[in-house]
>>> print(open('structure_13.txt').read())   # compact mmCIF, C-alpha atoms
# COMPACT_ATOMS: atom_id res chain seq x y z
CA MET A 1 119.95 56.13 131.17
CA GLY A 2 123.17 57.50 129.65
CA ARG A 3 121.99 56.81 126.09
CA TRP A 4 118.77 58.77 126.48
CA LYS A 5 120.74 61.70 127.80
CA ILE A 6 122.85 61.74 124.61
CA VAL A 7 119.75 61.56 122.42
CA LEU A 8 118.20 64.43 124.35
CA ILE A 9 121.32 66.58 123.94
CA VAL A 10 121.44 65.86 120.20
CA VAL A 11 117.75 66.74 119.79
CA VAL A 12 118.20 70.00 121.70
CA LEU A 13 121.25 70.89 119.57
CA VAL A 14 119.31 70.23 116.36
CA ILE A 15 116.44 72.39 117.57
CA ILE A 16 118.82 75.20 118.54
CA GLY A 17 120.54 74.85 115.16
CA GLY A 18 117.19 75.08 113.40
CA ILE A 19 116.17 78.19 115.33
CA ALA A 20 119.55 79.81 114.67
CA ALA A 21 119.23 79.10 110.94
CA GLY A 22 115.73 80.58 110.95
CA VAL A 23 116.84 83.71 112.77
CA TYR A 24 119.77 84.10 110.37
CA MET A 25 117.49 83.77 107.34
CA TYR A 26 114.99 86.24 108.74
CA ASN A 27 117.70 88.78 109.45
CA LYS A 28 119.98 88.06 106.52
CA PRO A 29 121.30 91.25 105.03
CA HIS A 30 120.70 92.47 101.51
CA LYS A 31 123.39 91.45 99.00
CA ASN A 32 126.30 93.83 99.10
CA ILE A 33 126.44 94.96 95.49
CA ALA A 34 129.68 96.88 95.99
CA ASN A 35 131.45 93.56 96.61
CA MET A 36 129.82 91.60 93.83
CA THR A 37 131.27 91.02 90.38
CA PRO A 38 128.95 92.43 87.75
CA GLU A 39 127.46 89.91 85.36
CA TYR A 40 127.37 92.47 82.57
CA VAL A 41 129.52 95.53 81.94
CA VAL A 42 127.89 97.78 79.36
CA ASN A 43 127.71 101.35 78.30
CA ALA A 44 124.37 103.13 78.57
CA LYS A 45 123.95 103.63 74.82
CA ASP A 46 124.27 99.90 74.08
CA ILE A 47 121.89 98.63 76.76
CA VAL A 48 119.28 101.21 75.73
CA SER A 49 119.40 100.06 72.11
CA GLU A 50 119.23 96.39 73.18
CA PHE A 51 115.98 97.07 75.03
CA ALA A 52 114.71 99.22 72.15
CA LYS A 53 115.32 96.42 69.62
CA ASN A 54 113.69 93.65 71.65
CA GLU A 55 112.41 94.42 75.14
CA ALA A 56 111.45 90.83 75.92
CA ASN A 57 114.89 89.41 75.09
CA ALA A 58 116.76 92.22 76.82
CA SER A 59 114.49 91.83 79.87
CA SER A 60 115.22 88.15 80.32
CA LYS A 61 118.92 88.83 79.76
CA TYR A 62 119.32 91.67 82.26
CA ILE A 63 116.51 91.66 84.85
CA GLY A 64 117.64 90.51 88.26
CA ARG A 65 121.29 90.64 87.23
CA ILE A 66 124.06 92.86 88.52
CA VAL A 67 124.94 95.26 85.71
CA GLU A 68 127.74 97.78 85.59
CA VAL A 69 126.89 100.67 83.27
CA SER A 70 128.88 103.68 82.15
CA GLY A 71 127.46 106.84 80.64
CA LEU A 72 127.10 110.59 80.74
CA VAL A 73 125.22 112.00 83.74
CA VAL A 74 122.42 114.21 82.40
CA ASP A 75 120.41 114.48 85.61
CA LYS A 76 120.95 114.01 89.35
CA THR A 77 117.83 114.05 91.54
CA ALA A 78 117.47 113.55 95.28
CA ASP A 79 114.29 111.59 95.97
CA VAL A 80 111.72 112.14 98.70
CA GLY A 81 112.80 109.03 100.62
CA GLY A 82 116.50 109.89 100.61
CA SER A 83 117.66 107.97 97.55
CA ILE A 84 119.56 109.65 94.73
CA THR A 85 118.79 108.90 91.07
CA PHE A 86 121.32 109.54 88.32
CA SER A 87 120.08 109.60 84.72
CA LEU A 88 122.62 108.48 82.13
CA ASN A 89 122.59 109.61 78.50
CA ASP A 90 118.98 110.78 78.33
CA PRO A 91 116.67 112.26 80.99
CA MET A 92 113.67 110.21 79.91
CA SER A 93 114.86 107.24 77.88
CA GLY A 94 118.41 106.46 79.02
CA VAL A 95 119.47 104.49 82.08
CA SER A 96 118.36 105.43 85.61
CA CYS A 97 120.74 104.46 88.39
CA THR A 98 119.22 104.84 91.84
CA VAL A 99 121.36 104.70 94.95
CA ASP A 100 119.12 103.56 97.81
CA SER A 101 118.83 105.88 100.80
CA ALA A 102 120.45 103.18 102.96
CA ASP A 103 123.56 103.20 100.76
CA VAL A 104 123.92 106.97 100.34
CA SER A 105 126.00 107.76 103.43
CA SER A 106 128.50 104.95 102.86
CA ASN A 107 129.11 106.22 99.31
CA LYS A 108 128.84 109.94 100.07
CA PRO A 109 132.34 111.11 99.01
CA LEU A 110 132.03 109.65 95.53
CA LEU A 111 128.34 110.56 95.17
CA ASP A 112 129.03 114.20 95.99
CA LYS A 113 131.76 114.33 93.34
CA ILE A 114 129.54 113.03 90.49
CA ALA A 115 127.78 115.96 88.85
CA VAL A 116 125.68 116.56 85.77
CA GLY A 117 127.98 116.55 82.76
CA ASP A 118 130.43 113.99 84.20
CA SER A 119 130.99 110.51 82.86
CA ALA A 120 130.21 107.99 85.56
CA VAL A 121 130.05 104.26 86.18
CA PHE A 122 127.39 102.64 88.37
CA ARG A 123 126.87 99.04 89.40
CA GLY A 124 123.37 97.93 90.34
CA ARG A 125 120.62 95.39 89.82
CA CYS A 126 118.54 95.74 86.67
CA ASP A 127 114.84 95.82 87.52
CA GLY A 128 113.44 96.32 84.05
CA MET A 129 112.26 99.08 81.78
CA LEU A 130 109.57 101.75 82.15
CA THR A 131 110.42 104.78 79.99
CA ASP A 132 114.10 104.06 80.61
CA ILE A 133 116.20 101.19 81.91
CA GLN A 134 116.02 101.06 85.69
CA LEU A 135 118.91 99.99 87.88
CA SER A 136 118.29 99.93 91.61
CA ARG A 137 120.49 99.41 94.69
CA CYS A 138 123.29 101.12 92.76
CA VAL A 139 126.76 101.91 94.02
CA PRO A 140 128.93 104.46 92.24
CA ILE A 141 132.12 102.93 90.87
CA LYS A 142 133.66 105.96 89.22
CA MET B 1 113.78 147.36 70.44
CA LYS B 2 110.11 147.43 71.47
CA ASN B 3 109.30 145.14 68.54
CA VAL B 4 111.97 142.67 69.63
CA ILE B 5 110.58 142.55 73.19
CA PHE B 6 107.05 142.12 71.86
CA ALA B 7 108.20 139.26 69.62
CA LEU B 8 110.02 137.60 72.53
CA LEU B 9 106.89 137.80 74.73
CA MET B 10 104.74 136.30 71.98
CA PHE B 11 107.30 133.53 71.46
CA SER B 12 107.58 132.67 75.16
CA SER B 13 103.82 132.57 75.64
CA VAL B 14 103.54 130.06 72.79
CA ILE B 15 106.15 127.87 74.51
CA ALA B 16 104.30 128.24 77.84
CA VAL B 17 101.06 126.99 76.28
CA GLY B 18 102.93 123.93 74.97
CA GLN B 19 104.19 123.07 78.47
CA SER B 20 101.19 121.13 79.69
CA LYS B 21 102.79 117.75 80.34
CA PHE B 22 104.81 117.11 83.49
CA PHE B 23 107.02 114.15 84.26
CA THR B 24 108.82 112.36 87.05
CA LYS B 25 110.74 109.12 87.25
CA THR B 26 111.69 109.39 90.89
CA GLY B 27 108.16 109.14 92.24
CA TYR B 28 107.85 107.76 95.78
CA ILE B 29 105.39 104.93 96.45
CA GLY B 30 105.35 103.32 99.89
CA PHE B 31 103.15 100.63 101.26
CA TYR B 32 102.41 99.63 104.82
CA SER B 33 100.75 96.60 106.36
CA LYS B 34 99.84 96.73 110.03
CA SER B 35 98.98 93.54 111.84
CA SER B 36 98.98 92.17 115.36
CA MET B 37 102.15 90.20 114.70
CA GLU B 38 104.27 92.71 112.81
CA ASP B 39 104.31 95.85 110.68
CA ILE B 40 105.66 95.53 107.18
CA SER B 41 106.66 98.45 105.01
CA ALA B 42 108.44 98.91 101.71
CA LYS B 43 109.23 101.82 99.46
CA ASN B 44 109.86 102.39 95.78
CA GLU B 45 111.47 105.67 94.73
CA GLN B 46 111.57 104.98 91.02
CA ALA B 47 107.95 105.38 89.99
CA THR B 48 107.47 106.97 86.59
CA SER B 49 104.53 109.27 86.02
CA ILE B 50 103.18 111.74 83.51
CA PHE B 51 100.69 114.41 84.54
CA ASP B 52 98.81 116.49 82.00
CA ALA B 53 98.13 119.85 83.60
CA GLU B 54 95.64 120.74 80.92
CA THR B 55 93.30 117.77 81.30
CA GLY B 56 94.16 116.50 84.78
CA LYS B 57 95.01 113.07 83.38
CA MET B 58 97.68 111.06 85.14
CA VAL B 59 99.50 107.83 84.36
CA ILE B 60 101.85 106.03 86.73
CA ALA B 61 104.02 102.97 86.13
CA VAL B 62 106.26 101.20 88.62
CA LEU B 63 108.50 98.14 88.57
CA MET B 64 107.62 95.69 91.37
CA LYS B 65 111.27 94.64 91.70
CA SER B 66 112.18 98.18 92.73
CA PHE B 67 110.29 97.94 96.04
CA ARG B 68 112.87 97.92 98.82
CA PHE B 69 112.18 96.12 102.09
CA GLU B 70 114.39 96.39 105.13
CA LYS B 71 114.61 92.61 105.35
CA ALA B 72 116.07 90.83 102.32
CA LEU B 73 113.97 87.72 102.98
CA MET B 74 110.73 89.72 102.92
CA GLU B 75 111.76 91.30 99.62
CA GLU B 76 112.39 87.82 98.19
CA HIS B 77 109.01 86.50 99.37
CA PHE B 78 107.27 89.63 98.09
CA ASN B 79 108.71 89.14 94.60
CA GLU B 80 108.63 85.34 94.36
CA ASN B 81 105.44 84.41 96.21
CA TYR B 82 103.14 87.38 96.62
CA VAL B 83 103.26 89.67 93.60
CA GLU B 84 105.10 87.16 91.37
CA SER B 85 107.14 89.91 89.79
CA ASP B 86 108.67 87.62 87.15
CA LEU B 87 105.17 87.13 85.75
CA TYR B 88 103.85 90.62 86.45
CA PRO B 89 106.85 92.97 86.50
CA LYS B 90 104.91 96.24 86.46
CA ALA B 91 102.06 97.87 88.30
CA SER B 92 100.31 100.81 86.70
CA PHE B 93 97.63 103.39 87.16
CA SER B 94 95.75 105.39 84.55
CA GLY B 95 93.22 107.97 85.60
CA GLU B 96 92.39 111.59 86.12
CA ILE B 97 91.65 114.27 88.65
CA LYS B 98 87.88 114.79 89.06
CA ASP B 99 86.48 118.16 87.93
CA PHE B 100 89.97 119.25 86.97
CA LYS B 101 88.83 122.14 84.79
CA ASN B 102 87.10 123.76 87.77
CA LEU B 103 90.22 123.75 89.95
CA ASN B 104 92.18 126.94 90.32
CA PHE B 105 95.89 126.41 90.96
CA VAL B 106 97.82 129.10 92.76
CA ASN B 107 101.57 128.76 93.33
CA GLY B 108 102.31 127.19 96.69
CA GLN B 109 98.70 126.39 97.52
CA ALA B 110 97.79 122.74 98.18
CA ILE B 111 94.48 121.90 96.48
CA LYS B 112 92.44 118.88 97.67
CA VAL B 113 91.66 116.59 94.76
CA THR B 114 89.91 113.30 94.08
CA VAL B 115 91.61 110.99 91.62
CA THR B 116 89.74 108.17 89.88
CA GLY B 117 91.10 105.58 87.51
CA GLN B 118 92.17 102.02 86.87
CA LEU B 119 94.88 100.41 89.01
CA THR B 120 96.63 97.29 87.75
CA ILE B 121 98.60 95.10 90.16
CA HIS B 122 99.57 91.44 89.73
CA GLY B 123 97.84 91.40 86.35
CA VAL B 124 94.46 92.45 87.81
CA THR B 125 92.86 95.80 86.98
CA LYS B 126 90.40 97.45 89.36
CA PRO B 127 88.82 100.91 89.48
CA ILE B 128 89.97 103.02 92.41
CA THR B 129 89.22 106.41 93.88
CA ALA B 130 91.73 108.22 96.06
CA GLU B 131 91.85 111.54 97.86
CA GLY B 132 94.98 113.63 97.70
CA THR B 133 96.46 117.06 97.29
CA VAL B 134 98.11 118.70 94.29
CA THR B 135 100.26 121.79 94.68
CA LYS B 136 101.51 123.97 91.87
CA THR B 137 105.13 124.94 92.50
CA LYS B 138 107.58 127.31 90.89
CA ASP B 139 109.01 124.49 88.78
CA GLY B 140 106.05 122.17 88.29
CA TYR B 141 103.61 120.29 90.48
CA THR B 142 103.68 118.02 93.53
CA ALA B 143 101.05 115.39 94.21
CA ASP B 144 100.43 113.47 97.43
CA SER B 145 97.92 110.80 98.27
CA GLN B 146 97.21 108.00 100.69
CA PHE B 147 94.71 105.24 100.06
CA TYR B 148 94.04 101.61 100.90
CA ILE B 149 93.95 98.60 98.61
CA LYS B 150 92.84 95.05 99.40
CA LEU B 151 95.36 92.38 98.43
CA ASP B 152 92.71 89.76 97.66
CA GLU B 153 91.14 92.03 95.06
CA TYR B 154 94.38 91.79 93.09
CA LYS B 155 94.60 88.02 93.59
CA VAL B 156 97.66 88.36 95.86
CA LYS B 157 97.48 85.29 98.04
CA ILE B 158 98.47 85.37 101.69
CA PRO B 159 99.33 81.88 102.94
CA SER B 160 97.30 80.95 106.01
CA LEU B 161 100.57 80.40 107.89
CA VAL B 162 101.33 84.14 107.79
CA LYS B 163 97.81 85.54 107.65
CA ASP B 164 98.31 87.19 111.04
CA ASN B 165 101.51 88.83 109.84
CA ILE B 166 100.13 90.49 106.73
CA ASN B 167 97.03 92.66 106.64
CA ASN B 168 94.77 92.28 103.61
CA ASP B 169 94.29 96.06 103.71
CA ILE B 170 97.48 97.78 102.62
CA LEU B 171 98.06 101.52 103.02
CA ILE B 172 99.65 103.05 99.93
CA THR B 173 101.42 106.43 100.16
CA VAL B 174 102.26 108.32 96.99
CA LYS B 175 104.48 111.40 96.71
CA PHE B 176 105.37 112.78 93.28
CA SER B 177 107.33 115.86 92.29
CA TYR B 178 106.67 116.71 88.64
CA LEU B 179 108.83 118.80 86.35
CA PRO B 180 107.98 119.95 82.81
CA MET B 181 108.44 117.18 80.30
CA GLY B 182 111.17 117.58 77.71
CA LYS B 183 113.16 119.93 79.93
>>> encode(input="structure_13.txt", output="structure tokens")
Amino acid sequence: MGRWKIVLIVVVLVIIGGIAAGVYMYNKPHKNIANMTPEYVVNAKDIVSEFAKNEANASSKYIGRIVEVSGLVVDKTADVGGSITFSLNDPMSGVSCTVDSADVSSNKPLLDKIAVGDSAVFRGRCDGMLTDIQLSRCVPIK
Amino acid sequence: MKNVIFALLMFSSVIAVGQSKFFTKTGYIGFYSKSSMEDISAKNEQATSIFDAETGKMVIAVLMKSFRFEKALMEEHFNENYVESDLYPKASFSGEIKDFKNLNFVNGQAIKVTVTGQLTIHGVTKPITAEGTVTKTKDGYTADSQFYIKLDEYKVKIPSLVKDNINNDILITVKFSYLPMGK
């Protein structure tokens, strides 16, 4: 009788553990890019010319990775959904760093300071290239 | 002095004629799936688009990895299992506004338009038609549209385990704010 009780308790614990793991996975938060070490630290001019020379190679090198990029802010646009996009080096074919609407308020002091004409550093995830290199989920570093 | 002003006017009108292409790379694209089990939405605020205000032609390109979901796990599944963004990193649209030459744009006035063209998602290209509005603004143009797409038409597979969580009909919302290209 005692043994069955122990088995039952173990089974219930395993089930609860499984449910807890599932709930954690479902609700797990997005990676906090501000706390992550960048895999690549580049300046905007260099990453643009890497993609221009060989888009396929540069894509497999950078896409999905956390990249920290520095450059000259040539455009700052607030997007419809609340995100802010900074264009580095060139308005159409430089590097776009977008700070997601969810991250804007926690980075507000630094974001407000960065203006067109400033040098800035952003850390974000490289998503690929359209007309320019796109970094999303960016946080301003400097 | 009068000659100088005349020359300036001539010069500026030549530049104005050349300004027929408009551009954005912060275009908003959202999608929404409503089902009995749950509602799923995601947004992408980095769509790139060029609009030719002379011909009414429009091209849009978007990186699938830039779609942001509230839940990190959903974003992972979206990229890895549904749209397979490593294989098909971009979605694109190429089309035009119907009867564009007959439309009369007045600053601040929203004009109803019909856009037709080819939409490519997950490597599959299909013709689509969408209703929307285009408004000429002081600085450029804004364009808004909402339309539905069917996931199975683009070979996006919904596993039977979650078929009650994801609707095959997805509502797409598009909001673009165009500025003159080369500004």
>>> residues_around(input="structure_13.txt", residues="region 70-82 of chain A", least_positions_apart="6", cutoff="9 Å", atoms="all atoms listed in the file", output="CSV table (one decimal) with C-alpha atoms, keeping the file's coordinate frame")
chain,number,residue,atom,x,y,z
A,41,VAL,CA,129.5,95.5,81.9
A,42,VAL,CA,127.9,97.8,79.4
A,43,ASN,CA,127.7,101.4,78.3
A,44,ALA,CA,124.4,103.1,78.6
A,45,LYS,CA,124.0,103.6,74.8
A,88,LEU,CA,122.6,108.5,82.1
A,89,ASN,CA,122.6,109.6,78.5
A,90,ASP,CA,119.0,110.8,78.3
A,91,PRO,CA,116.7,112.3,81.0
A,95,VAL,CA,119.5,104.5,82.1
A,100,ASP,CA,119.1,103.6,97.8
A,101,SER,CA,118.8,105.9,100.8
A,102,ALA,CA,120.4,103.2,103.0
A,104,VAL,CA,123.9,107.0,100.3
A,114,ILE,CA,129.5,113.0,90.5
A,115,ALA,CA,127.8,116.0,88.8
A,116,VAL,CA,125.7,116.6,85.8
A,117,GLY,CA,128.0,116.6,82.8
A,118,ASP,CA,130.4,114.0,84.2
A,119,SER,CA,131.0,110.5,82.9
A,120,ALA,CA,130.2,108.0,85.6
A,121,VAL,CA,130.0,104.3,86.2
A,122,PHE,CA,127.4,102.6,88.4
A,123,ARG,CA,126.9,99.0,89.4
A,142,LYS,CA,133.7,106.0,89.2
B,26,THR,CA,111.7,109.4,90.9
B,27,GLY,CA,108.2,109.1,92.2
B,28,TYR,CA,107.8,107.8,95.8
B,43,LYS,CA,109.2,101.8,99.5
B,44,ASN,CA,109.9,102.4,95.8
B,45,GLU,CA,111.5,105.7,94.7
B,46,GLN,CA,111.6,105.0,91.0
B,175,LYS,CA,104.5,111.4,96.7
B,176,PHE,CA,105.4,112.8,93.3
B,177,SER,CA,107.3,115.9,92.3
>>> closest_atom_pairs(input="structure_13.txt", of="chain B", to="chain A", cutoff="10 Å", atoms="all atoms listed in the file", output="tab-separated table")
residue	atom	partner	partner_atom	distance
B:Phe23	CA	A:Met92	CA	8.9
B:Thr24	CA	A:Met92	CA	8.9
B:Lys25	CA	A:Met92	CA	8.0
B:Thr26	CA	A:Asp79	CA	6.1
B:Gly27	CA	A:Asp79	CA	7.6
B:Tyr28	CA	A:Val80	CA	6.5
B:Ile29	CA	A:Gly81	CA	9.4
B:Gly30	CA	A:Gly81	CA	9.4
B:Lys43	CA	A:Gly81	CA	8.1
B:Asn44	CA	A:Gly81	CA	8.7
B:Glu45	CA	A:Asp79	CA	6.7
B:Gln46	CA	A:Thr98	CA	7.7
B:Ala47	CA	A:Leu130	CA	8.8
B:Thr48	CA	A:Leu130	CA	7.2
B:Ser49	CA	A:Thr131	CA	9.6
B:Ile60	CA	A:Leu130	CA	9.9
B:Ala61	CA	A:Leu130	CA	6.9
B:Val62	CA	A:Leu130	CA	7.3
B:Leu63	CA	A:Asp127	CA	6.8
B:Met64	CA	A:Asp127	CA	8.2
B:Lys65	CA	A:Asp127	CA	5.6
B:Ser66	CA	A:Asp127	CA	6.3
B:Phe67	CA	A:Ser136	CA	9.4
B:Arg68	CA	A:Asp100	CA	8.5
B:Phe69	CA	A:His30	CA	9.3
B:Glu70	CA	A:His30	CA	8.3
B:Lys71	CA	A:Asn27	CA	6.4
B:Ala72	CA	A:His30	CA	5.0
B:Leu73	CA	A:Tyr26	CA	6.0
B:Met74	CA	A:Tyr26	CA	8.0
B:Glu75	CA	A:His30	CA	9.2
B:Ser85	CA	A:Asp127	CA	10.0
B:Asp86	CA	A:Ile63	CA	9.1
B:Pro89	CA	A:Gly128	CA	7.8
B:Lys90	CA	A:Leu130	CA	8.4
B:Lys175	CA	A:Val80	CA	7.5
B:Phe176	CA	A:Val80	CA	8.4
B:Ser177	CA	A:Val80	CA	8.6
B:Met181	CA	A:Met92	CA	8.7
B:Gly182	CA	A:Met92	CA	8.1
B:Lys183	CA	A:Pro91	CA	8.5
>>> atom_distance(input="structure_13.txt", atom1="CA of Asn107 (chain B)", atom2="CA of Thr142 (chain B)")
10.9 Å
>>> residues_around(input="structure_13.txt", residues="Thr114 (chain B)", least_positions_apart="4", cutoff="10 Å", atoms="only C-alpha atoms", output="number ranges by chain")
B: 96-100, 129-134, 145
>>> closest_residue(input="structure_13.txt", among="B:Tyr82, B:Gly56, B:Tyr32, B:His77", to="Phe147 (chain B)", atoms="all atoms listed in the file")
B:Tyr32
